[in-house]
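In what follows, a structure is listed as C-alpha coordinates, so that the remarks can point back to it.
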Amino acid sequence: MMTIATNKWLNGLLACATFLLVIASPGCARMKSWVGIQGPEHTPATESQPEATETADATEPAPESDMVFDSVAIEQTPPVVNVFGEFDGVERKAPGSAANSGYQQHTFIDEGYDSDVSVDPAGKWIVFSSTRHAENTDIYMQKVDGLSVTQLTSDAADDAFPVFSPDAKQVAFCSTRAGNWDIYVMDADGRNVVQVTSGPMQDIHPSFSPDGTKLAYCSLGYRSEQWEIWTIDLSTHERRMIGTGLFPVWSPRKDKDQIAFQRARQRGSRWFSLWTLDLIEGEAQRTTEVAVSANAAIVSPSWSPDGKRLSFATIVEPARTAGGKPQGQQDIWLVDADGGNRRRLTDGSGTNLEPYWAPDNRIYFISDRGGHESVWSVAAGTSNVSTANTDAAEVEH
(Lines give C-alpha, C1' and ligand atoms only; values in the text may rest on other atoms or scores of the structure.)
Protein backbone atom coordinates (compact mmCIF):
# COMPACT_ATOMS: atom_id res chain seq x y z
CA MET A 1 0.00 0.00 0.00
CA MET A 2 2.11 2.71 -2.47
CA THR A 3 3.27 -0.06 -1.32
CA ILE A 4 -0.27 -1.07 0.84
CA ALA A 5 2.60 -0.44 0.86
CA THR A 6 4.10 -0.93 4.07
CA ASN A 7 6.70 1.46 4.77
CA LYS A 8 5.69 4.77 5.90
CA TRP A 9 3.26 3.66 8.57
CA LEU A 10 1.45 5.89 10.77
CA ASN A 11 2.79 8.95 12.40
CA GLY A 12 1.01 12.15 12.80
CA LEU A 13 -2.44 13.38 13.42
CA LEU A 14 -3.45 13.38 9.79
CA ALA A 15 -5.47 10.27 10.09
CA CYS A 16 -8.54 8.99 8.53
CA ALA A 17 -9.15 5.83 10.36
CA THR A 18 -8.07 3.07 8.14
CA PHE A 19 -5.29 0.68 8.06
CA LEU A 20 -2.30 -0.25 3.97
CA LEU A 21 -1.03 0.16 2.63
CA VAL A 22 -2.17 2.85 0.65
CA ILE A 23 0.96 4.02 0.13
CA ALA A 24 3.26 2.68 2.52
CA SER A 25 3.06 -0.91 3.18
CA PRO A 26 3.48 -2.88 6.31
CA GLY A 27 5.10 -5.40 4.37
CA CYS A 28 4.19 -2.81 1.99
CA ALA A 29 5.55 0.54 1.73
CA ARG A 30 3.20 3.34 2.30
CA MET A 31 1.02 1.65 4.79
CA LYS A 32 3.12 1.13 7.67
CA SER A 33 1.15 1.96 10.67
CA TRP A 34 -0.82 -0.31 12.77
CA VAL A 35 -2.63 1.18 15.58
CA GLY A 36 -6.08 0.60 16.82
CA ILE A 37 -8.37 0.69 19.75
CA GLN A 38 -9.87 -2.41 21.23
CA GLY A 39 -13.53 -2.25 20.45
CA PRO A 40 -16.53 -4.18 21.76
CA GLU A 41 -17.87 -7.29 20.13
CA HIS A 42 -19.46 -6.31 16.86
CA THR A 43 -22.31 -8.12 15.19
CA PRO A 44 -22.38 -8.26 11.38
CA ALA A 45 -25.04 -6.05 9.93
CA THR A 46 -26.73 -5.21 6.68
CA GLU A 47 -27.74 -1.68 5.89
CA SER A 48 -29.16 0.31 3.06
CA GLN A 49 -26.97 3.34 3.52
CA PRO A 50 -23.31 3.28 4.66
CA GLU A 51 -22.78 5.18 7.88
CA ALA A 52 -19.42 4.37 9.36
CA THR A 53 -16.62 6.84 8.91
CA GLU A 54 -12.89 6.53 8.79
CA THR A 55 -10.94 9.01 10.81
CA ALA A 56 -8.32 8.26 13.40
CA ASP A 57 -5.61 9.84 15.46
CA ALA A 58 -2.30 8.17 14.68
CA THR A 59 -0.93 8.66 18.14
CA GLU A 60 -3.92 8.17 20.44
CA PRO A 61 -7.00 6.87 18.60
CA ALA A 62 -10.23 7.90 20.29
CA PRO A 63 -13.14 5.77 19.16
CA GLU A 64 -15.84 7.93 20.65
CA SER A 65 -14.65 11.39 19.69
CA ASP A 66 -14.27 13.14 16.37
CA MET A 67 -10.78 13.97 15.30
CA VAL A 68 -9.57 17.43 14.36
CA PHE A 69 -8.14 17.81 10.87
CA ASP A 70 -5.88 20.64 9.75
CA SER A 71 -6.38 21.16 6.03
CA VAL A 72 -5.66 17.53 5.26
CA ALA A 73 -6.86 17.87 1.70
CA ILE A 74 -4.75 20.85 0.79
CA GLU A 75 -1.32 19.95 2.09
CA GLN A 76 1.36 21.47 -0.12
CA THR A 77 3.42 18.30 0.23
CA PRO A 78 1.30 15.25 -0.60
CA PRO A 79 1.05 13.03 2.47
CA VAL A 80 1.80 9.35 2.61
CA VAL A 81 -1.18 7.12 3.35
CA ASN A 82 -1.09 3.90 5.34
CA VAL A 83 -3.45 0.96 5.49
CA PHE A 84 -5.40 2.66 8.24
CA GLY A 85 -5.96 5.64 5.94
CA GLU A 86 -3.63 7.72 8.06
CA PHE A 87 -1.10 10.10 6.56
CA ASP A 88 2.64 10.15 6.94
CA GLY A 89 4.78 7.52 8.60
CA VAL A 90 7.80 6.58 10.63
CA GLU A 91 10.93 4.55 10.10
CA ARG A 92 10.21 0.90 9.48
CA LYS A 93 11.27 -1.76 11.90
CA ALA A 94 14.02 -4.00 10.55
CA PRO A 95 12.34 -7.14 9.17
CA GLY A 96 13.01 -10.46 10.78
CA SER A 97 13.64 -13.80 9.18
CA ALA A 98 10.96 -16.43 8.85
CA ALA A 99 10.54 -19.89 7.48
CA ASN A 100 9.34 -19.98 3.89
CA SER A 101 7.98 -23.50 3.61
CA GLY A 102 5.17 -23.59 1.04
CA TYR A 103 5.83 -20.03 -0.17
CA GLN A 104 7.33 -18.67 -3.36
CA GLN A 105 9.31 -15.43 -3.53
CA HIS A 106 8.87 -13.40 -6.72
CA THR A 107 10.85 -10.19 -6.21
CA PHE A 108 14.32 -9.77 -4.71
CA ILE A 109 15.84 -6.52 -3.47
CA ASP A 110 18.93 -5.47 -1.53
CA GLU A 111 17.48 -2.19 -0.27
CA GLY A 112 14.14 -0.43 -0.14
CA TYR A 113 10.88 -2.35 -0.28
CA ASP A 114 8.22 -3.61 -2.68
CA SER A 115 4.48 -3.28 -2.15
CA ASP A 116 1.02 -2.96 -3.75
CA VAL A 117 1.27 -6.07 -5.90
CA SER A 118 -1.36 -6.88 -8.55
CA VAL A 119 -1.49 -9.64 -11.17
CA ASP A 120 -2.74 -9.38 -14.77
CA PRO A 121 -5.91 -11.31 -15.80
CA ALA A 122 -3.85 -13.97 -17.57
CA GLY A 123 -1.70 -14.56 -14.49
CA LYS A 124 1.56 -13.92 -16.38
CA TRP A 125 2.66 -10.50 -15.11
CA ILE A 126 2.78 -8.65 -11.81
CA VAL A 127 2.89 -4.90 -11.23
CA PHE A 128 3.97 -3.41 -7.94
CA SER A 129 5.38 -0.26 -6.38
CA SER A 130 8.90 -0.14 -5.00
CA THR A 131 11.63 2.05 -3.53
CA ARG A 132 14.42 -0.18 -4.88
CA HIS A 133 15.88 2.67 -6.95
CA ALA A 134 14.69 5.81 -5.16
CA GLU A 135 13.26 7.11 -1.90
CA ASN A 136 9.89 7.61 -3.59
CA THR A 137 7.89 4.67 -4.87
CA ASP A 138 7.82 3.95 -8.60
CA ILE A 139 5.86 1.30 -10.46
CA TYR A 140 7.51 -1.83 -11.85
CA MET A 141 6.42 -4.87 -13.84
CA GLN A 142 7.85 -8.34 -14.24
CA LYS A 143 6.81 -11.81 -15.26
CA VAL A 144 5.36 -13.91 -12.48
CA ASP A 145 8.07 -16.54 -12.98
CA GLY A 146 10.84 -14.18 -14.10
CA LEU A 147 13.52 -11.98 -12.58
CA SER A 148 13.84 -9.21 -15.18
CA VAL A 149 12.10 -6.06 -13.91
CA THR A 150 10.74 -3.25 -16.09
CA GLN A 151 10.35 0.19 -14.51
CA LEU A 152 7.12 1.81 -15.74
CA THR A 153 7.34 5.15 -13.91
CA SER A 154 10.29 7.27 -12.87
CA ASP A 155 9.71 10.67 -11.32
CA ALA A 156 10.15 12.59 -8.09
CA ALA A 157 6.62 11.79 -6.98
CA ASP A 158 5.20 8.72 -5.26
CA ASP A 159 3.39 6.29 -7.56
CA ALA A 160 1.39 3.53 -5.93
CA PHE A 161 -1.41 0.94 -6.03
CA PRO A 162 -1.03 -0.16 -9.65
CA VAL A 163 -3.68 -2.48 -11.07
CA PHE A 164 -4.21 -4.02 -14.52
CA SER A 165 -7.30 -3.35 -16.61
CA PRO A 166 -9.44 -6.42 -17.45
CA ASP A 167 -7.85 -6.59 -20.92
CA ALA A 168 -4.35 -6.09 -19.45
CA LYS A 169 -3.69 -3.23 -21.87
CA GLN A 170 -3.65 -0.51 -19.22
CA VAL A 171 -2.54 0.04 -15.65
CA ALA A 172 -4.35 2.38 -13.27
CA PHE A 173 -2.44 3.82 -10.32
CA CYS A 174 -2.33 6.81 -8.00
CA SER A 175 0.40 9.43 -7.86
CA THR A 176 1.40 12.67 -6.15
CA ARG A 177 2.93 14.12 -9.35
CA ALA A 178 0.26 16.86 -9.55
CA GLY A 179 0.57 17.90 -5.90
CA ASN A 180 -2.11 15.66 -4.34
CA TRP A 181 -2.83 11.98 -4.57
CA ASP A 182 -4.74 11.57 -7.84
CA ILE A 183 -5.76 8.64 -10.05
CA TYR A 184 -3.99 8.00 -13.37
CA VAL A 185 -4.19 5.47 -16.19
CA MET A 186 -1.31 4.49 -18.49
CA ASP A 187 -0.60 1.87 -21.14
CA ALA A 188 0.86 -1.35 -19.78
CA ASP A 189 4.26 -0.32 -21.14
CA GLY A 190 4.24 2.91 -19.12
CA ARG A 191 3.34 5.21 -22.02
CA ASN A 192 0.38 7.55 -22.57
CA VAL A 193 -0.22 8.54 -18.94
CA VAL A 194 -3.62 10.19 -18.47
CA GLN A 195 -4.74 11.94 -15.28
CA VAL A 196 -8.22 10.74 -14.28
CA THR A 197 -8.96 12.76 -11.12
CA SER A 198 -7.83 16.17 -9.93
CA GLY A 199 -8.64 18.66 -7.21
CA PRO A 200 -7.94 19.17 -3.51
CA MET A 201 -9.02 15.68 -2.35
CA GLN A 202 -6.60 12.78 -1.89
CA ASP A 203 -7.61 9.99 -4.31
CA ILE A 204 -6.01 6.56 -3.99
CA HIS A 205 -6.35 2.84 -4.70
CA PRO A 206 -8.07 2.50 -8.10
CA SER A 207 -9.90 -0.68 -9.11
CA PHE A 208 -11.33 -1.43 -12.57
CA SER A 209 -14.93 -2.51 -13.15
CA PRO A 210 -15.23 -5.94 -14.87
CA ASP A 211 -15.84 -4.31 -18.26
CA GLY A 212 -12.97 -1.84 -17.83
CA THR A 213 -15.14 1.24 -18.37
CA LYS A 214 -15.10 2.55 -14.81
CA LEU A 215 -12.85 2.84 -11.78
CA ALA A 216 -13.68 2.63 -8.10
CA TYR A 217 -11.34 4.43 -5.73
CA CYS A 218 -11.30 6.01 -2.29
CA SER A 219 -11.00 9.71 -1.59
CA LEU A 220 -10.46 11.69 1.57
CA GLY A 221 -13.47 13.99 1.48
CA TYR A 222 -12.61 17.69 1.54
CA ARG A 223 -15.69 18.52 3.59
CA SER A 224 -16.48 15.22 5.31
CA GLU A 225 -12.85 14.59 6.30
CA GLN A 226 -13.43 10.87 6.05
CA TRP A 227 -12.63 8.21 3.46
CA GLU A 228 -15.30 7.99 0.78
CA ILE A 229 -15.73 5.44 -2.03
CA TRP A 230 -16.23 6.90 -5.50
CA THR A 231 -16.74 5.56 -9.00
CA ILE A 232 -15.75 7.36 -12.20
CA ASP A 233 -16.69 6.62 -15.80
CA LEU A 234 -13.49 6.70 -17.86
CA SER A 235 -15.25 7.92 -21.00
CA THR A 236 -17.69 10.50 -19.61
CA HIS A 237 -15.71 11.33 -16.45
CA GLU A 238 -18.96 11.19 -14.47
CA ARG A 239 -18.15 10.69 -10.79
CA ARG A 240 -20.40 9.34 -8.07
CA MET A 241 -19.88 8.92 -4.33
CA ILE A 242 -21.34 5.59 -3.25
CA GLY A 243 -20.44 5.34 0.43
CA THR A 244 -17.72 5.53 3.04
CA GLY A 245 -14.82 3.13 3.28
CA LEU A 246 -11.26 2.42 2.21
CA PHE A 247 -9.45 0.29 -0.40
CA PRO A 248 -12.42 -0.60 -2.62
CA VAL A 249 -12.01 -3.55 -5.00
CA TRP A 250 -14.48 -4.30 -7.77
CA SER A 251 -15.64 -7.90 -8.06
CA PRO A 252 -14.66 -9.59 -11.37
CA ARG A 253 -18.17 -11.06 -11.70
CA LYS A 254 -20.14 -9.66 -14.63
CA ASP A 255 -23.52 -10.92 -13.40
CA LYS A 256 -23.31 -8.97 -10.15
CA ASP A 257 -21.96 -5.43 -9.72
CA GLN A 258 -20.26 -5.69 -6.32
CA ILE A 259 -17.47 -3.90 -4.47
CA ALA A 260 -15.60 -5.03 -1.35
CA PHE A 261 -13.90 -2.58 1.03
CA GLN A 262 -12.78 -2.05 4.59
CA ARG A 263 -14.53 0.26 7.01
CA ALA A 264 -13.77 1.42 10.54
CA ARG A 265 -16.20 0.00 13.08
CA GLN A 266 -16.19 3.33 14.89
CA ARG A 267 -15.11 6.81 13.91
CA GLY A 268 -11.58 7.47 15.09
CA SER A 269 -10.75 3.76 15.28
CA ARG A 270 -8.28 1.43 13.57
CA TRP A 271 -10.51 -1.54 14.10
CA PHE A 272 -11.59 -2.27 10.54
CA SER A 273 -13.97 -4.90 9.30
CA LEU A 274 -14.68 -6.28 5.82
CA TRP A 275 -17.74 -5.06 3.90
CA THR A 276 -19.37 -5.48 0.50
CA LEU A 277 -21.97 -3.44 -1.37
CA ASP A 278 -24.00 -4.07 -4.50
CA LEU A 279 -24.20 -1.37 -7.15
CA ILE A 280 -27.69 -1.13 -8.58
CA GLU A 281 -28.13 1.57 -11.22
CA GLY A 282 -25.01 3.23 -9.84
CA GLU A 283 -26.30 3.38 -6.26
CA ALA A 284 -24.98 1.37 -3.30
CA GLN A 285 -27.45 -1.22 -2.02
CA ARG A 286 -27.23 -4.11 0.42
CA THR A 287 -24.16 -2.78 2.19
CA THR A 288 -23.16 -5.77 4.33
CA GLU A 289 -20.47 -6.53 6.88
CA VAL A 290 -18.84 -9.80 5.82
CA ALA A 291 -16.17 -10.37 8.48
CA VAL A 292 -15.17 -8.74 11.75
CA SER A 293 -12.63 -9.53 14.45
CA ALA A 294 -12.70 -8.85 18.17
CA ASN A 295 -8.90 -8.67 18.40
CA ALA A 296 -7.68 -7.53 14.97
CA ALA A 297 -8.09 -5.02 12.15
CA ILE A 298 -9.29 -6.54 8.86
CA VAL A 299 -7.78 -4.73 5.89
CA SER A 300 -6.92 -4.80 2.16
CA PRO A 301 -9.56 -7.11 0.62
CA SER A 302 -9.07 -8.86 -2.74
CA TRP A 303 -11.57 -10.92 -4.75
CA SER A 304 -11.02 -14.44 -5.99
CA PRO A 305 -11.03 -14.76 -9.83
CA ASP A 306 -14.64 -16.08 -9.77
CA GLY A 307 -15.82 -13.35 -7.40
CA LYS A 308 -17.16 -15.84 -4.87
CA ARG A 309 -14.49 -15.50 -2.18
CA LEU A 310 -12.28 -12.82 -0.69
CA SER A 311 -8.80 -12.67 0.76
CA PHE A 312 -7.78 -10.07 3.32
CA ALA A 313 -5.11 -9.29 5.89
CA THR A 314 -5.47 -9.08 9.66
CA ILE A 315 -3.40 -7.14 12.15
CA VAL A 316 -3.83 -8.36 15.72
CA GLU A 317 -4.26 -5.59 18.30
CA PRO A 318 -3.59 -2.73 15.87
CA ALA A 319 -3.19 -0.32 18.78
CA ARG A 320 -0.13 -2.17 20.06
CA THR A 321 2.85 -0.53 18.34
CA ALA A 322 6.56 0.07 18.75
CA GLY A 323 8.26 2.88 16.88
CA GLY A 324 5.02 3.50 15.02
CA LYS A 325 4.74 -0.02 13.63
CA PRO A 326 2.13 -2.58 14.72
CA GLN A 327 3.54 -5.42 16.77
CA GLY A 328 0.59 -7.76 16.48
CA GLN A 329 0.61 -10.84 14.27
CA GLN A 330 -0.17 -10.14 10.60
CA ASP A 331 -1.76 -12.83 8.44
CA ILE A 332 -3.61 -13.48 5.19
CA TRP A 333 -7.09 -15.01 5.40
CA LEU A 334 -9.71 -16.38 2.99
CA VAL A 335 -13.49 -16.14 3.36
CA ASP A 336 -16.59 -16.75 1.26
CA ALA A 337 -18.33 -13.61 0.02
CA ASP A 338 -21.19 -14.35 2.43
CA GLY A 339 -18.81 -14.57 5.39
CA GLY A 340 -18.62 -18.36 5.65
CA ASN A 341 -15.63 -20.74 5.52
CA ARG A 342 -13.05 -18.45 7.09
CA ARG A 343 -9.52 -19.82 6.94
CA ARG A 344 -6.11 -18.44 7.87
CA LEU A 345 -3.62 -18.97 5.04
CA THR A 346 -0.25 -17.74 6.38
CA ASP A 347 1.78 -18.87 9.35
CA GLY A 348 2.13 -15.60 11.28
CA SER A 349 5.84 -15.31 10.49
CA GLY A 350 6.85 -11.72 9.81
CA THR A 351 4.76 -9.36 7.72
CA ASN A 352 1.93 -10.79 5.62
CA LEU A 353 -0.10 -8.02 4.00
CA GLU A 354 -1.76 -6.67 0.84
CA PRO A 355 -3.07 -9.92 -0.65
CA TYR A 356 -3.99 -10.21 -4.32
CA TRP A 357 -5.86 -13.30 -5.53
CA ALA A 358 -4.43 -14.24 -8.95
CA PRO A 359 -5.95 -16.29 -11.79
CA ASP A 360 -3.62 -19.22 -11.00
CA ASN A 361 -5.38 -19.46 -7.60
CA ARG A 362 -2.33 -18.23 -5.76
CA ILE A 363 -2.44 -15.38 -3.28
CA TYR A 364 0.29 -12.81 -3.92
CA PHE A 365 1.20 -10.65 -0.94
CA ILE A 366 3.92 -8.53 0.63
CA SER A 367 6.14 -10.14 3.25
CA ASP A 368 9.49 -9.54 4.92
CA ARG A 369 10.08 -13.25 5.58
CA GLY A 370 13.02 -13.09 3.16
CA GLY A 371 14.61 -10.05 4.83
CA HIS A 372 13.18 -7.16 2.79
CA GLU A 373 9.54 -6.49 2.08
CA SER A 374 9.03 -8.20 -1.26
CA VAL A 375 6.40 -10.00 -3.30
CA TRP A 376 5.60 -13.57 -2.26
CA SER A 377 2.81 -15.99 -3.10
CA VAL A 378 1.17 -19.10 -1.73
CA ALA A 379 -1.49 -21.40 -3.17
CA ALA A 380 -4.99 -20.58 -1.95
CA GLY A 381 -5.46 -24.23 -1.04
CA THR A 382 -2.26 -24.40 1.01
CA SER A 383 -2.32 -24.72 4.78
CA ASN A 384 0.71 -23.08 6.40
CA VAL A 385 -0.83 -22.40 9.78
CA SER A 386 1.37 -23.41 12.69
CA THR A 387 -0.16 -24.28 16.04
CA ALA A 388 2.78 -22.44 17.61
CA ASN A 389 1.40 -19.11 16.43
CA THR A 390 -1.39 -18.53 18.92
CA ASP A 391 -1.61 -14.77 18.46
CA ALA A 392 -3.83 -15.10 15.40
CA ALA A 393 -6.86 -12.96 14.72
CA GLU A 394 -10.27 -14.28 15.76
CA VAL A 395 -12.29 -13.59 12.64
CA GLU A 396 -16.06 -13.74 12.90
CA HIS A 397 -18.99 -13.32 10.55
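By convention in this document, the chains of the C-alpha coordinates carry letters A, B, ... by their order, each chain's residues are numbered from 1, and ligands are numbered from 1 in the order they are shown.
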
Run DSSP on the backbone and tell me which residues of region 221-380 of chain A come out as strand (DSSP E); list them as a ChimeraX atom specification. /A:227-233,239-244,246-250,258-264,272-280,283-293,296-303,309-316,321-322,325-326,330-336,343-344,353-357,362-367,374-379

Per-residue nearest contacts region 108-179 of chain A to region 366-373 of chain A, cut-off 6 Å, using only C-alpha atoms, as a tab-separated table:
```
residue	atom	partner	partner_atom	distance
A:Tyr113	CA	A:Glu373	CA	4.9
A:Asp114	CA	A:Glu373	CA	5.7
A:Ser115	CA	A:Ile366	CA	6.0
```

Would you write out, as a Markdown table, a table of all residues in region 101-188 of chain A that have an atom no more than 10 Å from an atom of region 243-267 of chain A, listing for each the closest atom pair and the distance in Å to one decimal, considering only C-alpha atoms and ordering rows by chain and rising residue number?
```
| residue | atom | partner | partner_atom | distance |
| --- | --- | --- | --- | --- |
| A:Pro121 | CA | A:Pro252 | CA | 10.0 |
| A:Phe161 | CA | A:Phe247 | CA | 9.8 |
| A:Pro166 | CA | A:Pro252 | CA | 8.6 |
```

Using N, CA and C atoms, can you export the residues from the last selection as a short mmCIF file (atom, residue, chain, number, x, y, z; two decimals), in the first residue's frame?
```cif
data_model
loop_
_atom_site.label_atom_id
_atom_site.label_comp_id
_atom_site.auth_asym_id
_atom_site.auth_seq_id
_atom_site.Cartn_x
_atom_site.Cartn_y
_atom_site.Cartn_z
N PRO A 121 -4.84 -10.31 -15.68
CA PRO A 121 -5.91 -11.31 -15.80
C PRO A 121 -5.46 -12.66 -16.34
N PHE A 161 -0.20 1.72 -5.78
CA PHE A 161 -1.41 0.94 -6.03
C PHE A 161 -1.70 0.69 -7.50
N PRO A 166 -9.00 -5.06 -17.13
CA PRO A 166 -9.44 -6.42 -17.45
C PRO A 166 -8.83 -6.98 -18.74
#
```

Tell me which protein, DNA and RNA residues are within 10 Å of Leu152 (chain A), counting only C-alpha atoms, leaving out same-chain ones fewer than 3 positions away, and put them as number ranges by chain. A: 127-129, 138-141, 149, 171, 186-191

Distance query Ile315 (chain A) at most 9 Å, only C-alpha atoms, self and fewer than 3 positions along chain excluded, as number ranges by chain: A: 34, 295-299, 318, 326-331, 353, 392-393

Which residue gives the smallest distance to Ala156 (chain A) among A:His133, A:Lys143, A:Lys124, A:Lys169, with only C-alpha atoms counted? A:His133

Return the single residue from A:Asn361, A:Thr351, A:Gln105, A:Thr231 that is closest to Gly123 (chain A), with distances computed using only C-alpha atoms.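 Answer, going by the shortest atom-to-atom distance: A:Asn361.
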
For Glu238 (chain A), the nearest of the candidates A:Gly282, A:Gly146, A:Pro78, A:Gly112, counting only C-alpha atoms: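 When distances to Glu238 (chain A) are compared using only C-alpha atoms, the smallest one comes from A:Gly282.
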
Å distance separating CA of Ser235 (chain A) from CA of Thr213 (chain A), one decimal place: 7.2 Å

From A:His397, A:Val316, A:Ser374, A:Ser304, residue lying nearest Gly340 (chain A) [only C-alpha atoms]: A:His397

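The spacing separating CA of Ser300 (chain A) from CA of Val185 (chain A) amounts to 21.2 Å.
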
Near-Asp155 (chain A) list (12 Å; only C-alpha atoms; drop same-chain fewer than 2 positions) as number ranges by chain: A: 131, 133-139, 151-153, 157-159, 175-178
